[in-house]
>>> print(open('my_file13.pdb').read())   # PDB, C-alpha atoms and all ligand atoms
ATOM      1  CA  MET C   4      17.832 -13.864   5.417  1.00  0.00           C
ATOM      2  CA  PRO C   5      15.172 -11.715   3.741  1.00  0.00           C
ATOM      3  CA  LYS C   6      14.026  -8.637   5.635  1.00  0.00           C
ATOM      4  CA  VAL C   7      10.401  -7.554   5.678  1.00  0.00           C
ATOM      5  CA  TYR C   8       9.916  -3.872   6.514  1.00  0.00           C
ATOM      6  CA  ILE C   9       6.367  -3.003   7.545  1.00  0.00           C
ATOM      7  CA  LYS C  10       5.998   0.748   7.165  1.00  0.00           C
ATOM      8  CA  THR C  11       2.698   0.796   9.054  1.00  0.00           C
ATOM      9  CA  ASP C  12       4.477  -0.515  12.155  1.00  0.00           C
ATOM     10  CA  ASP C  13       7.930   0.942  11.374  1.00  0.00           C
ATOM     11  CA  LYS C  14       9.237  -2.547  12.018  1.00  0.00           C
ATOM     12  CA  THR C  15      11.693  -4.829  10.213  1.00  0.00           C
ATOM     13  CA  ILE C  16      11.436  -8.594  10.619  1.00  0.00           C
ATOM     14  CA  GLU C  17      13.965 -11.108   9.306  1.00  0.00           C
ATOM     15  CA  VAL C  18      12.413 -14.252   7.850  1.00  0.00           C
ATOM     16  CA  ALA C  19      13.584 -17.523   6.337  1.00  0.00           C
ATOM     17  CA  ALA C  20      13.459 -17.485   2.527  1.00  0.00           C
ATOM     18  CA  GLY C  21      10.159 -18.894   1.333  1.00  0.00           C
ATOM     19  CA  LEU C  22       8.316 -18.170   4.578  1.00  0.00           C
ATOM     20  CA  PRO C  23       4.637 -17.330   4.111  1.00  0.00           C
ATOM     21  CA  LEU C  24       3.868 -13.809   5.330  1.00  0.00           C
ATOM     22  CA  ILE C  25       1.038 -15.236   7.386  1.00  0.00           C
ATOM     23  CA  ASP C  26       3.530 -17.367   9.349  1.00  0.00           C
ATOM     24  CA  MET C  27       5.693 -14.320   9.995  1.00  0.00           C
ATOM     25  CA  CYS C  28       2.675 -12.453  11.343  1.00  0.00           C
ATOM     26  CA  GLU C  29       1.759 -15.308  13.646  1.00  0.00           C
ATOM     27  CA  ASP C  30       5.199 -15.059  15.243  1.00  0.00           C
ATOM     28  CA  HIS C  31       5.382 -11.260  15.460  1.00  0.00           C
ATOM     29  CA  ASP C  32       3.058  -8.465  16.472  1.00  0.00           C
ATOM     30  CA  THR C  33       2.123  -6.607  13.259  1.00  0.00           C
ATOM     31  CA  SER C  34      -0.751  -4.505  11.941  1.00  0.00           C
ATOM     32  CA  ILE C  35      -1.490  -7.006   9.166  1.00  0.00           C
ATOM     33  CA  LEU C  36      -4.856  -8.617   9.912  1.00  0.00           C
ATOM     34  CA  PHE C  37      -6.054 -12.012   8.733  1.00  0.00           C
ATOM     35  CA  GLY C  38      -9.524 -13.438   8.316  1.00  0.00           C
ATOM     36  CA  CYS C  39     -10.176 -16.380   6.021  1.00  0.00           C
ATOM     37  CA  ARG C  40      -6.462 -17.089   5.382  1.00  0.00           C
ATOM     38  CA  ASP C  41      -7.531 -18.385   1.985  1.00  0.00           C
ATOM     39  CA  GLY C  42      -7.518 -15.372  -0.329  1.00  0.00           C
ATOM     40  CA  ALA C  43     -11.242 -14.809  -0.086  1.00  0.00           C
ATOM     41  CA  CYS C  44     -11.917 -11.962   2.396  1.00  0.00           C
ATOM     42  CA  GLY C  45      -9.354  -9.220   1.731  1.00  0.00           C
ATOM     43  CA  ALA C  46      -8.595  -8.577   5.409  1.00  0.00           C
ATOM     44  CA  CYS C  47      -4.886  -9.102   4.814  1.00  0.00           C
ATOM     45  CA  MET C  48      -4.443  -6.752   1.861  1.00  0.00           C
ATOM     46  CA  VAL C  49      -1.081  -4.998   1.827  1.00  0.00           C
ATOM     47  CA  ARG C  50       0.564  -2.523  -0.513  1.00  0.00           C
ATOM     48  CA  VAL C  51       4.040  -3.558  -1.636  1.00  0.00           C
ATOM     49  CA  ILE C  52       6.296  -0.492  -1.648  1.00  0.00           C
ATOM     50  CA  GLU C  53       9.501  -2.236  -2.734  1.00  0.00           C
ATOM     51  CA  GLY C  54      10.619  -5.732  -3.622  1.00  0.00           C
ATOM     52  CA  ALA C  55       7.513  -7.088  -5.341  1.00  0.00           C
ATOM     53  CA  GLU C  56       9.833  -9.318  -7.356  1.00  0.00           C
ATOM     54  CA  HIS C  57      10.839 -11.027  -4.103  1.00  0.00           C
ATOM     55  CA  ILE C  58       7.313 -12.248  -3.378  1.00  0.00           C
ATOM     56  CA  SER C  59       5.841 -15.486  -4.712  1.00  0.00           C
ATOM     57  CA  LYS C  60       3.974 -15.212  -8.010  1.00  0.00           C
ATOM     58  CA  MET C  61       0.303 -14.375  -7.874  1.00  0.00           C
ATOM     59  CA  GLU C  62      -2.011 -17.338  -8.401  1.00  0.00           C
ATOM     60  CA  ASP C  63      -5.305 -17.073 -10.261  1.00  0.00           C
ATOM     61  CA  ASN C  64      -7.469 -17.017  -7.129  1.00  0.00           C
ATOM     62  CA  GLU C  65      -5.559 -14.054  -5.671  1.00  0.00           C
ATOM     63  CA  ARG C  66      -5.586 -12.201  -9.005  1.00  0.00           C
ATOM     64  CA  ASP C  67      -9.325 -12.770  -9.395  1.00  0.00           C
ATOM     65  CA  PHE C  68     -10.051 -11.507  -5.892  1.00  0.00           C
ATOM     66  CA  LEU C  69      -7.874  -8.409  -6.260  1.00  0.00           C
ATOM     67  CA  GLU C  70      -9.560  -7.583  -9.564  1.00  0.00           C
ATOM     68  CA  THR C  71     -12.952  -7.877  -7.890  1.00  0.00           C
ATOM     69  CA  MET C  72     -11.774  -5.467  -5.188  1.00  0.00           C
ATOM     70  CA  ALA C  73     -10.376  -3.032  -7.805  1.00  0.00           C
ATOM     71  CA  ALA C  74      -7.058  -3.260  -5.955  1.00  0.00           C
ATOM     72  CA  GLU C  75      -4.045  -1.233  -7.014  1.00  0.00           C
ATOM     73  CA  ASP C  76      -1.323  -2.949  -9.062  1.00  0.00           C
ATOM     74  CA  ASN C  77       1.008  -3.124  -6.056  1.00  0.00           C
ATOM     75  CA  GLU C  78      -1.503  -4.632  -3.647  1.00  0.00           C
ATOM     76  CA  ARG C  79      -1.314  -8.276  -2.602  1.00  0.00           C
ATOM     77  CA  LEU C  80      -3.062 -10.583  -0.184  1.00  0.00           C
ATOM     78  CA  ALA C  81      -0.559 -11.306   2.579  1.00  0.00           C
ATOM     79  CA  CYS C  82      -2.083 -14.735   3.216  1.00  0.00           C
ATOM     80  CA  GLN C  83      -1.105 -15.758  -0.315  1.00  0.00           C
ATOM     81  CA  CYS C  84       2.483 -14.428  -0.285  1.00  0.00           C
ATOM     82  CA  LYS C  85       5.797 -16.107   0.414  1.00  0.00           C
ATOM     83  CA  VAL C  86       8.909 -13.987   0.856  1.00  0.00           C
ATOM     84  CA  TYR C  87      12.140 -14.700  -1.026  1.00  0.00           C
ATOM     85  CA  GLY C  88      14.042 -11.416  -0.602  1.00  0.00           C
ATOM     86  CA  ASP C  89      13.876  -7.988   1.010  1.00  0.00           C
ATOM     87  CA  ILE C  90      10.508  -6.290   0.744  1.00  0.00           C
ATOM     88  CA  LYS C  91       8.828  -3.172   2.079  1.00  0.00           C
ATOM     89  CA  LEU C  92       5.099  -3.058   2.541  1.00  0.00           C
ATOM     90  CA  GLU C  93       2.296  -1.263   4.325  1.00  0.00           C
ATOM     91  CA  VAL C  94      -1.208  -2.207   5.299  1.00  0.00           C
ATOM     92  CA  SER C  95      -3.663  -1.105   2.622  1.00  0.00           C
ATOM     93  CA  ASP C  96      -6.202   1.607   3.497  1.00  0.00           C
TER      94      ASP C  96
HETATM   95  S1  LIG C 101      -6.976 -13.522   5.185  1.00  0.00           S
HETATM   96 FE1  LIG C 101      -8.682 -13.455   3.878  1.00  0.00          FE
HETATM   97  S2  LIG C 101      -7.798 -12.868   1.996  1.00  0.00           S
HETATM   98 FE2  LIG C 101      -6.069 -13.090   3.271  1.00  0.00          FE
END
>>> encode(input="my_file13.pdb", output="structure tokens", more="lines below")
Ligand code: FES
Amino acid sequence: MPKVYIKTDDKTIEVAAGLPLIDMCEDHDTSILFGCRDGACGACMVRVIEGAEHISKMEDNERDFLETMAAEDNERLACQCKVYGDIKLEVSD
């Protein structure tokens, strides 16, 4: 099972492959916050430290939003991400 390490919380959570990060956060206490849950508010922005290749591909709506926010290349919207392998991330500043 993929492992998600959240540096902000110093916590590792095992998830089923393909699980949306938002579902993981609903089942566990984490520092990742959610607002719209639809890729439109930025509340859930995280910085992927390792394993970006193990996260679902970015769709146009997420890419457009992150460009508008001038996000860093390794930032993603947690509400738009599914996990397929081990990743490390932290909550964006
Ligand atoms: S919760 Fe609003 S963008 Fe993810």
>>> closest_residue(input="my_file13.pdb", among="C:Asp41, C:Glu75, C:Glu70, C:Asp12", to="ligand LIG 101 (chain C)", atoms="all atoms listed in the file")
C:Asp41
>>> resolve_selection(input="my_file13.pdb", expression="the PyMOL selection byres (((chain C and resi 89) around 12) and not hetatm)", output="mmCIF file with C-alpha atoms, in the coordinates of the input")
data_model
loop_
_atom_site.group_PDB
_atom_site.id
_atom_site.type_symbol
_atom_site.label_atom_id
_atom_site.label_comp_id
_atom_site.auth_asym_id
_atom_site.auth_seq_id
_atom_site.Cartn_x
_atom_site.Cartn_y
_atom_site.Cartn_z
ATOM 1 C CA MET C 4 17.832 -13.864 5.417
ATOM 2 C CA PRO C 5 15.172 -11.715 3.741
ATOM 3 C CA LYS C 6 14.026 -8.637 5.635
ATOM 4 C CA VAL C 7 10.401 -7.554 5.678
ATOM 5 C CA TYR C 8 9.916 -3.872 6.514
ATOM 6 C CA ILE C 9 6.367 -3.003 7.545
ATOM 7 C CA THR C 15 11.693 -4.829 10.213
ATOM 8 C CA ILE C 16 11.436 -8.594 10.619
ATOM 9 C CA GLU C 17 13.965 -11.108 9.306
ATOM 10 C CA VAL C 18 12.413 -14.252 7.850
ATOM 11 C CA ALA C 19 13.584 -17.523 6.337
ATOM 12 C CA ALA C 20 13.459 -17.485 2.527
ATOM 13 C CA GLY C 21 10.159 -18.894 1.333
ATOM 14 C CA VAL C 51 4.040 -3.558 -1.636
ATOM 15 C CA ILE C 52 6.296 -0.492 -1.648
ATOM 16 C CA GLU C 53 9.501 -2.236 -2.734
ATOM 17 C CA GLY C 54 10.619 -5.732 -3.622
ATOM 18 C CA ALA C 55 7.513 -7.088 -5.341
ATOM 19 C CA GLU C 56 9.833 -9.318 -7.356
ATOM 20 C CA HIS C 57 10.839 -11.027 -4.103
ATOM 21 C CA ILE C 58 7.313 -12.248 -3.378
ATOM 22 C CA LYS C 85 5.797 -16.107 0.414
ATOM 23 C CA VAL C 86 8.909 -13.987 0.856
ATOM 24 C CA TYR C 87 12.140 -14.700 -1.026
ATOM 25 C CA GLY C 88 14.042 -11.416 -0.602
ATOM 26 C CA ILE C 90 10.508 -6.290 0.744
ATOM 27 C CA LYS C 91 8.828 -3.172 2.079
ATOM 28 C CA LEU C 92 5.099 -3.058 2.541
#
>>> residues_near_ligand(input="my_file13.pdb", ligand="ligand LIG 101 (chain C)", cutoff="6 Å", atoms="all atoms listed in the file", output="ChimeraX atom specification")
/C:37-47,80-82
>>> atom_distance(input="my_file13.pdb", atom1="atom CA of C:Thr11", atom2="atom CA of C:Val94")
6.2 Å
>>> closest_residue(input="my_file13.pdb", among="C:Asp96, C:Asp13, C:Glu78, C:Asp63", to="C:Val49", atoms="all atoms listed in the file")
C:Glu78
>>> axis_aligned_box(input="my_file13.pdb", around="stretch 26-35 of chain C", padding_each_side="8 Å", output="AutoDock Vina command-line options")
--center_x 2.1 --center_y -10.9 --center_z 12.8 --size_x 23.2 --size_y 28.9 --size_z 23.3
>>> atom_distance(input="my_file13.pdb", atom1="atom CA of C:Leu22", atom2="atom CA of C:Ser59")
10.0 Å
>>> atom_distance(input="my_file13.pdb", atom1="atom CA of C:Lys10", atom2="atom CA of C:Met61")
22.1 Å
>>> residues_around(input="my_file13.pdb", residues="C:Leu69", least_positions_apart="2", cutoff="9 Å", atoms="all atoms listed in the file", output="list in words")
Gly45, Met48, Asn64, Glu65, Arg66, Asp67, Thr71, Met72, Ala73, Ala74, Glu75, Asp76, Glu78, Arg79 and Leu80 of chain C
>>> closest_residue(input="my_file13.pdb", among="C:Lys14, C:Asp32, C:Phe68, C:Glu62", to="C:Gln83", atoms="only C-alpha atoms")
C:Glu62
>>> closest_residue(input="my_file13.pdb", among="C:Pro23, C:Leu36, C:Arg50, C:His31", to="C:Cys84", atoms="all atoms listed in the file")
C:Pro23
